[in-house]
$ cat entry.txt   # compact mmCIF, C-alpha atoms
# COMPACT_ATOMS: atom_id res chain seq x y z
CA MET A 12 -6.07 -29.86 41.63
CA PHE A 13 -2.90 -31.83 42.16
CA SER A 14 -4.07 -33.29 45.47
CA ALA A 15 -7.01 -34.90 43.67
CA PHE A 16 -4.58 -37.36 42.13
CA VAL A 17 -2.68 -38.39 45.24
CA ASP A 18 -3.40 -39.22 48.83
CA PRO A 19 -3.85 -35.90 50.72
CA SER A 20 -1.40 -36.96 53.44
CA VAL A 21 1.26 -37.75 50.86
CA SER A 22 0.63 -34.44 49.15
CA GLU A 23 0.88 -32.70 52.53
CA ALA A 24 4.23 -34.38 53.22
CA LEU A 25 5.68 -33.54 49.82
CA PHE A 26 4.18 -30.05 49.52
CA PRO A 27 3.45 -28.67 53.00
CA ARG A 28 3.00 -25.19 51.52
CA GLY A 29 0.95 -26.33 48.56
CA ILE A 30 2.16 -26.02 45.00
CA SER A 31 0.41 -22.93 43.65
CA ARG A 32 2.96 -20.31 44.69
CA TYR A 33 5.72 -22.48 43.23
CA ALA A 34 3.89 -23.24 40.00
CA VAL A 35 2.75 -19.64 39.44
CA GLY A 36 6.22 -18.30 40.29
CA GLY A 37 7.84 -20.83 37.97
CA LEU A 38 5.52 -19.89 35.11
CA LEU A 39 6.47 -16.23 35.63
CA VAL A 40 10.20 -17.05 35.68
CA GLY A 41 9.74 -18.91 32.40
CA LEU A 42 7.64 -16.07 30.99
CA GLY A 43 10.39 -13.56 31.83
CA ALA A 44 12.96 -15.68 30.00
CA ALA A 45 10.51 -16.16 27.11
CA VAL A 46 9.85 -12.41 26.76
CA ILE A 47 13.57 -11.77 26.39
CA TYR A 48 13.96 -14.68 23.98
CA LEU A 49 11.02 -13.67 21.80
CA GLY A 50 12.16 -10.06 21.58
CA THR A 51 15.89 -10.54 21.26
CA GLY A 52 16.67 -14.20 20.56
CA ILE A 53 18.85 -14.24 23.68
CA ALA A 54 18.67 -17.20 26.06
CA ALA A 55 19.35 -15.25 29.22
CA GLY A 56 21.16 -16.66 32.21
CA ALA A 57 21.80 -14.89 35.48
CA SER A 58 25.35 -15.99 36.28
CA THR A 59 27.23 -14.49 33.30
CA PHE A 60 26.37 -11.12 34.87
CA LEU A 61 29.08 -11.84 37.45
CA GLU A 62 31.84 -12.08 34.85
CA SER A 63 30.49 -9.42 32.50
CA THR A 64 30.18 -6.90 35.34
CA LEU A 65 33.76 -7.64 36.42
CA SER A 66 34.79 -6.27 32.99
CA TYR A 67 33.95 -2.78 34.33
CA VAL A 68 36.71 -3.09 36.93
CA SER A 69 39.17 -5.63 35.50
CA ASP A 70 41.04 -5.50 32.21
CA ARG A 71 41.47 -9.26 32.12
CA SER A 72 40.47 -10.67 28.75
CA ARG A 73 38.50 -13.35 30.55
CA PHE A 74 36.07 -10.64 31.63
CA GLN A 75 36.54 -8.19 28.75
CA ARG A 76 35.15 -10.73 26.28
CA TYR A 77 31.71 -9.97 27.76
CA ARG A 78 32.08 -6.23 27.14
CA SER A 79 29.43 -6.07 24.44
CA SER A 80 26.77 -7.73 26.59
CA ARG A 81 27.65 -6.26 29.96
CA ASP A 82 25.22 -3.33 29.81
CA TRP A 83 22.10 -5.37 29.06
CA ARG A 84 23.16 -7.93 31.67
CA VAL A 85 23.21 -5.11 34.24
CA VAL A 86 19.72 -4.06 33.05
CA PHE A 87 18.49 -7.68 33.29
CA THR A 88 19.81 -7.92 36.86
CA ILE A 89 18.28 -4.56 37.82
CA GLY A 90 15.03 -5.93 36.42
CA ILE A 91 15.29 -9.05 38.61
CA VAL A 92 15.97 -6.95 41.73
CA ALA A 93 13.14 -4.54 40.88
CA GLY A 94 10.70 -7.34 40.00
CA ALA A 95 11.35 -9.01 43.35
CA GLY A 96 10.94 -5.56 44.93
CA LEU A 97 7.54 -5.26 43.25
CA TYR A 98 6.60 -8.60 44.82
CA ALA A 99 7.79 -7.29 48.20
CA LEU A 100 5.66 -4.14 47.83
CA THR A 101 2.56 -6.16 46.96
CA PHE A 102 2.25 -9.78 48.15
CA GLN A 103 5.01 -9.73 50.78
CA SER A 104 3.64 -6.53 52.32
CA GLY A 105 0.09 -7.91 52.28
CA LEU A 106 -1.14 -5.13 50.00
CA VAL A 107 -2.29 -7.79 47.54
CA SER A 108 -3.32 -11.31 48.38
CA SER A 109 -4.46 -14.30 46.39
CA SER A 110 -5.58 -17.86 47.02
CA LEU A 111 -2.63 -18.83 44.83
CA TYR A 112 -0.17 -17.20 47.21
CA GLU A 113 0.76 -18.79 50.51
CA PRO A 114 2.85 -16.52 52.77
CA GLY A 115 5.71 -18.25 54.54
CA THR A 116 7.02 -18.48 58.07
CA THR A 117 10.74 -18.59 57.29
CA GLY A 118 13.25 -15.91 58.12
CA GLU A 119 12.29 -12.56 59.58
CA LEU A 120 9.76 -10.05 58.30
CA ARG A 121 10.39 -6.44 59.19
CA ASP A 122 8.36 -3.32 58.52
CA VAL A 123 10.36 -0.50 56.96
CA GLY A 124 8.28 2.57 56.19
CA GLY A 125 5.14 0.59 55.34
CA VAL A 126 6.97 -1.97 53.21
CA THR A 127 7.51 -5.46 54.59
CA ILE A 128 11.04 -6.62 53.91
CA TRP A 129 12.24 -10.16 54.44
CA LEU A 130 15.57 -11.17 55.97
CA THR A 131 17.16 -14.62 55.95
CA ASP A 132 18.23 -16.48 59.08
CA VAL A 133 20.85 -18.50 57.18
CA GLN A 134 24.23 -17.72 58.69
CA PRO A 135 26.45 -15.28 56.79
CA TRP A 136 29.39 -17.72 56.58
CA ARG A 137 27.20 -20.19 54.72
CA LEU A 138 26.11 -17.46 52.31
CA LEU A 139 29.67 -16.24 51.76
CA VAL A 140 31.38 -19.62 51.34
CA GLY A 141 28.44 -20.95 49.32
CA GLY A 142 28.49 -17.80 47.18
CA VAL A 143 32.20 -18.20 46.37
CA LEU A 144 31.62 -21.82 45.28
CA VAL A 145 28.56 -20.79 43.24
CA GLY A 146 30.67 -18.10 41.55
CA ILE A 147 33.44 -20.55 40.67
CA GLY A 148 31.17 -23.46 39.77
CA THR A 149 28.71 -21.68 37.49
CA ARG A 150 31.58 -20.18 35.50
CA ILE A 151 33.40 -23.50 35.06
CA GLY A 152 30.16 -25.38 34.46
CA LYS A 153 28.82 -22.97 31.79
CA GLY A 154 25.63 -22.04 33.56
CA CYS A 155 23.44 -21.96 36.63
CA THR A 156 19.84 -22.70 37.52
CA SER A 157 18.55 -20.14 35.00
CA GLY A 158 20.96 -20.72 32.11
CA HIS A 159 21.07 -24.52 32.35
CA GLY A 160 17.94 -25.08 34.42
CA VAL A 161 15.43 -22.86 32.62
CA CYS A 162 16.81 -22.02 29.16
CA GLY A 163 19.02 -25.10 28.66
CA VAL A 164 16.45 -27.64 29.83
CA GLY A 165 13.83 -25.64 27.88
CA SER A 166 16.04 -26.15 24.83
CA ALA A 167 16.23 -29.89 25.58
CA SER A 168 20.03 -29.50 25.68
CA LYS A 169 21.67 -32.71 26.88
CA THR A 170 24.59 -30.72 28.26
CA SER A 171 22.20 -28.67 30.40
CA ILE A 172 20.22 -31.70 31.53
CA ILE A 173 23.44 -33.37 32.66
CA GLY A 174 24.57 -30.11 34.29
CA VAL A 175 21.27 -29.75 36.19
CA ALA A 176 21.35 -33.40 37.29
CA THR A 177 24.92 -32.92 38.54
CA PHE A 178 24.29 -29.81 40.61
CA LEU A 179 20.96 -31.07 41.93
CA VAL A 180 22.43 -34.34 43.20
CA VAL A 181 25.51 -32.67 44.70
CA ALA A 182 23.43 -29.89 46.29
CA ILE A 183 21.03 -32.43 47.85
CA GLY A 184 23.99 -34.40 49.25
CA THR A 185 25.61 -31.22 50.59
CA ALA A 186 22.43 -29.87 52.20
CA GLN A 187 21.66 -33.25 53.80
CA LEU A 188 25.21 -33.47 55.13
CA VAL A 189 25.11 -29.94 56.52
CA MET A 190 21.76 -30.72 58.17
CA ALA A 191 23.12 -34.00 59.59
CA LEU A 192 26.04 -32.10 61.07
CA GLY A 193 23.51 -30.00 62.96
CA VAL A 194 24.26 -26.71 61.19
CA SER A 195 21.10 -24.61 61.38
CA PRO A 196 19.98 -22.22 60.12
CA MET B 12 25.60 -36.75 23.83
CA SER B 13 27.44 -37.20 20.53
CA GLN B 14 24.43 -35.82 18.73
CA GLU B 15 24.53 -32.65 20.75
CA ARG B 16 28.22 -32.27 20.17
CA SER B 17 27.70 -32.39 16.43
CA GLU B 18 24.78 -29.96 16.66
CA SER B 19 26.94 -27.36 18.26
CA SER B 20 30.41 -28.17 16.96
CA ASP B 21 30.14 -25.94 13.89
CA SER B 22 30.40 -22.79 15.92
CA ARG B 23 32.95 -23.99 18.44
CA SER B 24 36.63 -24.71 18.32
CA GLU B 25 38.29 -27.18 20.61
CA SER B 26 40.10 -24.45 22.52
CA PRO B 27 39.54 -24.22 26.26
CA ASP B 28 37.53 -21.10 25.54
CA ARG B 29 35.14 -22.85 23.23
CA THR B 30 32.20 -21.13 24.82
CA ARG B 31 33.46 -17.81 23.59
CA ASN B 32 32.12 -18.26 20.10
CA ALA B 33 28.67 -18.88 21.44
CA ASP B 34 28.89 -15.89 23.72
CA ARG B 35 30.11 -13.63 20.99
CA SER B 36 27.54 -14.70 18.47
CA GLY B 37 24.99 -14.00 21.18
CA ASP B 38 26.35 -10.53 21.66
CA ARG B 39 27.12 -9.60 18.10
CA SER B 40 23.89 -7.87 17.21
CA THR B 41 23.76 -5.94 20.45
CA ALA B 42 27.00 -4.06 19.95
CA ASP B 43 25.73 -0.88 18.32
CA GLY B 44 22.61 0.57 16.75
CA ARG B 45 20.29 -1.35 19.01
CA HIS B 46 16.57 -1.28 18.58
CA PRO B 47 15.06 1.32 20.96
CA LEU B 48 12.94 -1.43 22.52
CA PHE B 49 15.91 -3.72 23.21
CA MET B 50 16.66 -2.48 26.72
CA PRO B 51 12.99 -2.07 27.71
CA VAL B 52 12.31 -5.69 26.72
CA ILE B 53 15.34 -6.92 28.70
CA LEU B 54 14.12 -4.89 31.69
CA LEU B 55 10.54 -6.19 31.33
CA GLY B 56 11.78 -9.79 31.11
CA GLY B 57 13.95 -9.23 34.20
CA LEU B 58 11.00 -7.73 36.10
CA ILE B 59 8.75 -10.72 35.39
CA PHE B 60 11.61 -13.14 36.12
CA GLY B 61 12.40 -11.43 39.44
CA PHE B 62 8.74 -11.15 40.45
CA GLY B 63 8.39 -14.88 39.83
CA LEU B 64 11.43 -15.67 41.97
CA GLY B 65 9.99 -13.56 44.78
CA PHE B 66 6.46 -14.99 44.48
CA SER B 67 7.76 -18.59 44.45
CA HIS B 68 9.90 -17.92 47.56
CA MET B 69 13.02 -18.98 45.67
CA ALA B 70 14.53 -15.70 46.87
CA ARG B 71 14.46 -17.25 50.36
CA PRO B 72 17.44 -19.58 50.92
CA GLU B 73 15.49 -21.41 53.63
CA ILE B 74 12.91 -22.61 51.10
CA VAL B 75 15.58 -23.83 48.68
CA LEU B 76 17.30 -25.65 51.57
CA ARG B 77 13.98 -27.25 52.56
CA PHE B 78 13.76 -28.67 49.06
CA LEU B 79 17.31 -29.99 49.15
CA GLN B 80 16.59 -31.51 52.57
CA PHE B 81 13.43 -33.21 51.20
CA GLN B 82 11.05 -31.17 53.39
CA ASP B 83 9.18 -29.36 50.59
CA PHE B 84 9.42 -30.38 46.94
CA GLY B 85 7.80 -27.20 45.62
CA LEU B 86 11.03 -26.08 43.92
CA LEU B 87 10.51 -28.76 41.27
CA PHE B 88 7.40 -26.89 40.13
CA VAL B 89 9.38 -23.67 39.85
CA MET B 90 12.25 -25.12 37.85
CA PHE B 91 10.20 -27.34 35.56
CA GLY B 92 7.33 -24.86 35.28
CA ALA B 93 9.82 -22.27 34.08
CA ALA B 94 11.57 -24.73 31.75
CA ILE B 95 8.25 -25.73 30.18
CA VAL B 96 7.25 -22.11 29.46
CA SER B 97 10.64 -21.20 28.05
CA GLY B 98 10.70 -24.56 26.24
CA VAL B 99 7.47 -23.68 24.41
CA ALA B 100 9.00 -20.36 23.36
CA PHE B 101 12.22 -22.05 22.23
CA ALA B 102 10.33 -24.72 20.28
CA VAL B 103 7.56 -22.64 18.72
CA MET B 104 9.20 -19.33 17.83
CA PRO B 105 11.72 -20.60 15.25
CA ARG B 106 8.80 -22.07 13.24
CA TYR B 107 7.19 -18.68 12.73
CA ARG B 108 10.15 -16.36 12.45
CA THR B 109 13.78 -16.99 11.70
CA ARG B 110 15.12 -13.92 13.47
CA ALA B 111 14.28 -11.99 16.62
CA PRO B 112 12.60 -8.64 15.83
CA LEU B 113 14.79 -6.47 18.08
CA THR B 114 18.22 -7.89 17.27
CA ARG B 115 17.75 -9.80 14.02
CA LYS B 116 19.55 -12.56 15.85
CA PRO B 117 18.50 -16.00 14.57
CA TYR B 118 16.27 -17.92 16.97
CA GLY B 119 18.18 -20.90 18.28
CA ARG B 120 18.25 -23.25 21.21
CA ARG B 121 20.58 -22.77 24.15
CA LEU B 122 23.14 -25.46 23.41
CA LYS B 123 26.53 -25.61 25.05
CA SER B 124 29.17 -28.19 24.27
CA PHE B 125 29.56 -30.99 26.77
CA ASP B 126 32.87 -31.70 28.45
CA ARG B 127 34.28 -32.51 31.86
CA ASN B 128 33.86 -28.87 32.95
CA VAL B 129 30.08 -29.26 32.97
CA LEU B 130 30.46 -31.99 35.59
CA VAL B 131 33.26 -30.34 37.60
CA GLY B 132 31.62 -26.90 37.56
CA GLY B 133 28.20 -28.37 38.23
CA ALA B 134 29.57 -30.24 41.25
CA ILE B 135 31.28 -27.11 42.68
CA PHE B 136 28.11 -25.10 42.07
CA GLY B 137 26.14 -27.89 43.76
CA VAL B 138 28.25 -27.74 46.93
CA GLY B 139 27.79 -23.96 47.04
CA TRP B 140 24.07 -24.17 46.35
CA GLY B 141 23.59 -26.89 48.95
CA LEU B 142 25.56 -24.98 51.58
CA SER B 143 23.90 -21.60 51.06
CA GLY B 144 20.54 -22.32 49.41
CA ILE B 145 21.22 -19.55 46.94
CA CYS B 146 21.92 -19.37 43.20
CA PRO B 147 22.70 -16.24 41.15
CA GLY B 148 19.23 -15.22 39.90
CA ALA B 149 17.63 -15.96 43.26
CA ALA B 150 20.36 -13.97 45.03
CA TYR B 151 19.58 -10.82 43.00
CA ALA B 152 15.87 -11.35 43.69
CA SER B 153 16.61 -11.85 47.37
CA LEU B 154 18.13 -8.38 47.47
CA GLY B 155 14.90 -7.11 45.92
CA VAL B 156 12.72 -8.56 48.70
CA GLY B 157 14.83 -6.61 51.19
CA ASN B 158 17.23 -9.34 52.27
CA VAL B 159 20.39 -7.26 52.63
CA THR B 160 22.08 -10.22 54.35
CA ILE B 161 22.28 -11.82 50.89
CA LEU B 162 25.06 -9.36 50.02
CA TRP B 163 27.38 -11.90 51.67
CA ALA B 164 26.39 -14.39 48.98
CA ILE B 165 26.49 -11.88 46.11
CA GLY B 166 29.91 -10.66 47.25
CA GLY B 167 31.02 -14.29 47.44
CA MET B 168 29.78 -14.97 43.90
CA PHE B 169 31.71 -12.03 42.49
CA LEU B 170 34.81 -13.18 44.39
CA GLY B 171 34.38 -16.73 43.08
CA ALA B 172 33.87 -15.57 39.48
CA TYR B 173 36.93 -13.31 39.79
CA LEU B 174 39.12 -16.06 41.24
CA GLN B 175 37.99 -18.46 38.52
CA GLY B 176 38.69 -15.86 35.82
CA ARG B 177 42.16 -15.16 37.23
CA TRP B 178 42.95 -18.82 37.47
CA ARG B 179 41.67 -19.43 33.97
CA SER B 180 43.69 -16.59 32.41
CA HIS B 181 46.86 -17.86 34.05
CA ARG B 182 46.26 -21.34 32.79
CA VAL B 183 45.46 -20.18 29.26
CA PRO B 184 48.09 -17.57 28.39
CA SER B 185 46.91 -17.43 24.75
CA ASP B 186 43.62 -16.01 25.94
CA ALA B 187 44.73 -12.40 25.64
CA ALA B 188 46.02 -12.85 22.10
CA SER B 189 42.95 -14.62 20.83
CA THR B 190 40.56 -11.96 22.08
CA GLY B 191 42.59 -9.12 20.64
CA ALA B 192 40.03 -8.57 17.93
CA ASP B 193 37.33 -7.52 20.37

$ encode --input "entry.txt" --output "structure tokens"
Amino acid sequence: MFSAFVDPSVSEALFPRGISRYAVGGLLVGLGAAVIYLGTGIAAGASTFLESTLSYVSDRSRFQRYRSSRDWRVVFTIGIVAGAGLYALTFQSGLVSSSLYEPGTTGELRDVGGVTIWLTDVQPWRLLVGGVLVGIGTRIGKGCTSGHGVCGVGSASKTSIIGVATFLVVAIGTAQLVMALGVSP
Amino acid sequence: MSQERSESSDSRSESPDRTRNADRSGDRSTADGRHPLFMPVILLGGLIFGFGLGFSHMARPEIVLRFLQFQDFGLLFVMFGAAIVSGVAFAVMPRYRTRAPLTRKPYGRRLKSFDRNVLVGGAIFGVGWGLSGICPGAAYASLGVGNVTILWAIGGMFLGAYLQGRWRSHRVPSDAASTGAD
């Protein structure tokens, strides 16, 4: 549908894997956030889980202030892991297929007892160092791609829009630099 | 920007922990005597959210990196598709009900006060995201698709959040006193 509006070669360059898996996935991500919001009034973000879960092991007030929300944040995260697991059992394993779903060629697929699991090729040091910076940055910056990106932008919050613009621009610059330095994968 | 500040200033002090009020008001109704459907709804929302991250391949750092390297712009459809759906919920719901059925928490928008931290934190997050191709929600989902290697990133995120919390509590010694009521 989208390609009807633009030159097919341009569309191919911008979206080599099509757009349907992204659009459908995005709608589901938004629906998940909406279900929680409609039922509970909570605008859920994924990164506060890091701090709230640390309250189980650290007495620091910085973490203890999330005590009252830490249990549902664990449940939310378990839900995210299990939901992605459900995707792995169905579409990733080829048990279910759809014209809206384009399988990928990235990383490594491995069969474990009939279930196809997926493993990244991105080097562990990039994941570790990147993870530390994500942990620090989302806590200072009051949100991540779900809190600012989905709920904040969905709320038309100017703070979130500025936050998203900031991390998008910096992430693009960083990824381009890393690629230019020849670091791959 | 000034408009947003005034929208949200009523519930926030100018202390370095100004986000606390928002967090606590968000948590208030979930302390005790929760509705029996509260946790199931949180779990259901998480399941749909995680399934969407898996389906959209956002749980694969390579795909996020391809977006950041301008090789596949599909991520824009994920982020804005999700923001549009949640945006409809955020805009429409308050017109029909004032409070959420399971918590009696008033429906409101997700508004956080703007200050330099949004830029500094956003920039640090951006470097981490650009280096690893992974953000918190996608990292949890990545574990769900079987990517055990992502535990490096999740471990890193916990370490980063801990270091930031330590650093913050040293810098703000009044923190302990002001949260004594919890």

$ residues_around --input "entry.txt" --residues "region 155-160 of chain B" --least-positions-apart "6" --cutoff "7 Å" --atoms "only C-alpha atoms" --output "list in words"
Val92, Ala93, Ala95, Gly96, Ala99, Ile128, Trp129, Leu130 and Thr131 of chain A; Gly65 of chain B

$ closest_residue --input "entry.txt" --among "A:Ser171, A:Ser31, A:Thr51, A:Gln75" --to "Pro114 (chain A)" --atoms "all atoms listed in the file"
A:Ser31

$ residues_around --input "entry.txt" --residues "region 130-135 of chain B" --least-positions-apart "4" --cutoff "8 Å" --atoms "all atoms listed in the file" --output "list in words"
Leu144, Val145, Ile147, Gly148, Thr149, Arg150, Ile151, Gly152, Lys153, Ile173, Gly174, Val175, Thr177, Phe178, Val181 and Ala182 of chain A; Asp126 and Gly139 of chain B

$ closest_residue --input "entry.txt" --among "B:Gly61, B:His68, B:Gly166, B:Ile161" --to "chain A" --atoms "all atoms listed in the file"
B:Gly61

$ residues_around --input "entry.txt" --residues "Val161 (chain A)" --least-positions-apart "3" --cutoff "8 Å" --atoms "only C-alpha atoms" --output "MDAnalysis selection string"
(chainID A and resid 41 156:158 164:165) or (chainID B and resid 90:91 93:94 97)

$ write_last_selection --input "entry.txt" --atoms "C-alpha atoms" --output "mmCIF file, in the frame of the given file"
data_model
loop_
_atom_site.group_PDB
_atom_site.id
_atom_site.type_symbol
_atom_site.label_atom_id
_atom_site.label_comp_id
_atom_site.auth_asym_id
_atom_site.auth_seq_id
_atom_site.Cartn_x
_atom_site.Cartn_y
_atom_site.Cartn_z
ATOM 1 C CA GLY A 41 9.740 -18.910 32.400
ATOM 2 C CA THR A 156 19.840 -22.700 37.520
ATOM 3 C CA SER A 157 18.550 -20.140 35.000
ATOM 4 C CA GLY A 158 20.960 -20.720 32.110
ATOM 5 C CA VAL A 164 16.450 -27.640 29.830
ATOM 6 C CA GLY A 165 13.830 -25.640 27.880
ATOM 7 C CA MET B 90 12.250 -25.120 37.850
ATOM 8 C CA PHE B 91 10.200 -27.340 35.560
ATOM 9 C CA ALA B 93 9.820 -22.270 34.080
ATOM 10 C CA ALA B 94 11.570 -24.730 31.750
ATOM 11 C CA SER B 97 10.640 -21.200 28.050
#

$ closest_residue --input "entry.txt" --among "B:Phe81, B:Gly141, B:Tyr107, B:Arg115" --to "chain A" --atoms "only C-alpha atoms"
B:Gly141

$ closest_atom_pairs --input "entry.txt" --of "region 104-186 of chain A" --to "region 19-29 of chain A" --cutoff "12 Å" --atoms "all atoms listed in the file" --output "tab-separated table"
residue	atom	partner	partner_atom	distance
A:Ser110	CA	A:Gly29	CA	10.8
A:Leu111	CA	A:Gly29	CA	9.1
A:Tyr112	CA	A:Gly29	CA	9.3
A:Glu113	CA	A:Arg28	CA	6.9
A:Pro114	CA	A:Arg28	CA	8.8
A:Gly115	CA	A:Arg28	CA	8.0
A:Thr116	CA	A:Arg28	CA	10.2
A:Thr117	CA	A:Arg28	CA	11.7

$ write_last_selection --input "entry.txt" --atoms "C-alpha atoms" --output "compact mmCIF listing (two decimals), keeping the file's coordinate frame"
# COMPACT_ATOMS: atom_id res chain seq x y z
CA SER A 110 -5.58 -17.86 47.02
CA LEU A 111 -2.63 -18.83 44.83
CA TYR A 112 -0.17 -17.20 47.21
CA GLU A 113 0.76 -18.79 50.51
CA PRO A 114 2.85 -16.52 52.77
CA GLY A 115 5.71 -18.25 54.54
CA THR A 116 7.02 -18.48 58.07
CA THR A 117 10.74 -18.59 57.29

$ closest_residue --input "entry.txt" --among "A:Ser66, A:Thr185, A:Gln103, A:Gln134" --to "chain B" --atoms "all atoms listed in the file"
A:Thr185

$ atom_distance --input "entry.txt" --atom1 "CA of Arg84 (chain A)" --atom2 "CA of Ala55 (chain A)"
8.6 Å

$ atom_distance --input "entry.txt" --atom1 "CA of Leu61 (chain A)" --atom2 "CA of Ile165 (chain B)"
9.0 Å

$ residues_around --input "entry.txt" --residues "Ala111 (chain B)" --least-positions-apart "3" --cutoff "8 Å" --atoms "only C-alpha atoms" --output "PyMOL selection string"
(chain A and resi 48-52) or (chain B and resi 108+114-118)

$ write_last_selection --input "entry.txt" --atoms "C-alpha atoms" --output "compact mmCIF listing (two decimals), in the frame of the given file"
# COMPACT_ATOMS: atom_id res chain seq x y z
CA TYR A 48 13.96 -14.68 23.98
CA LEU A 49 11.02 -13.67 21.80
CA GLY A 50 12.16 -10.06 21.58
CA THR A 51 15.89 -10.54 21.26
CA GLY A 52 16.67 -14.20 20.56
CA ARG B 108 10.15 -16.36 12.45
CA THR B 114 18.22 -7.89 17.27
CA ARG B 115 17.75 -9.80 14.02
CA LYS B 116 19.55 -12.56 15.85
CA PRO B 117 18.50 -16.00 14.57
CA TYR B 118 16.27 -17.92 16.97

$ closest_residue --input "entry.txt" --among "A:Ala54, A:Val35, A:Ile30, A:Val140" --to "Trp163 (chain B)" --atoms "only C-alpha atoms"
A:Val140

$ atom_distance --input "entry.txt" --atom1 "CA of Asn128 (chain B)" --atom2 "CA of Ile91 (chain A)"
27.7 Å

$ closest_residue --input "entry.txt" --among "B:Gly56, B:Ala149, B:Ile74, B:Thr109" --to "chain A" --atoms "all atoms listed in the file"
B:Gly56

$ residues_near_point --input "entry.txt" --point "(31.1, -12.0, 42.8)" --cutoff "9 Å" --atoms "all atoms listed in the file" --output "list in words"
Leu61, Glu62, Leu65, Gly142, Val143 and Gly146 of chain A; Ala164, Ile165, Gly166, Gly167, Met168, Phe169, Leu170, Gly171, Ala172 and Tyr173 of chain B
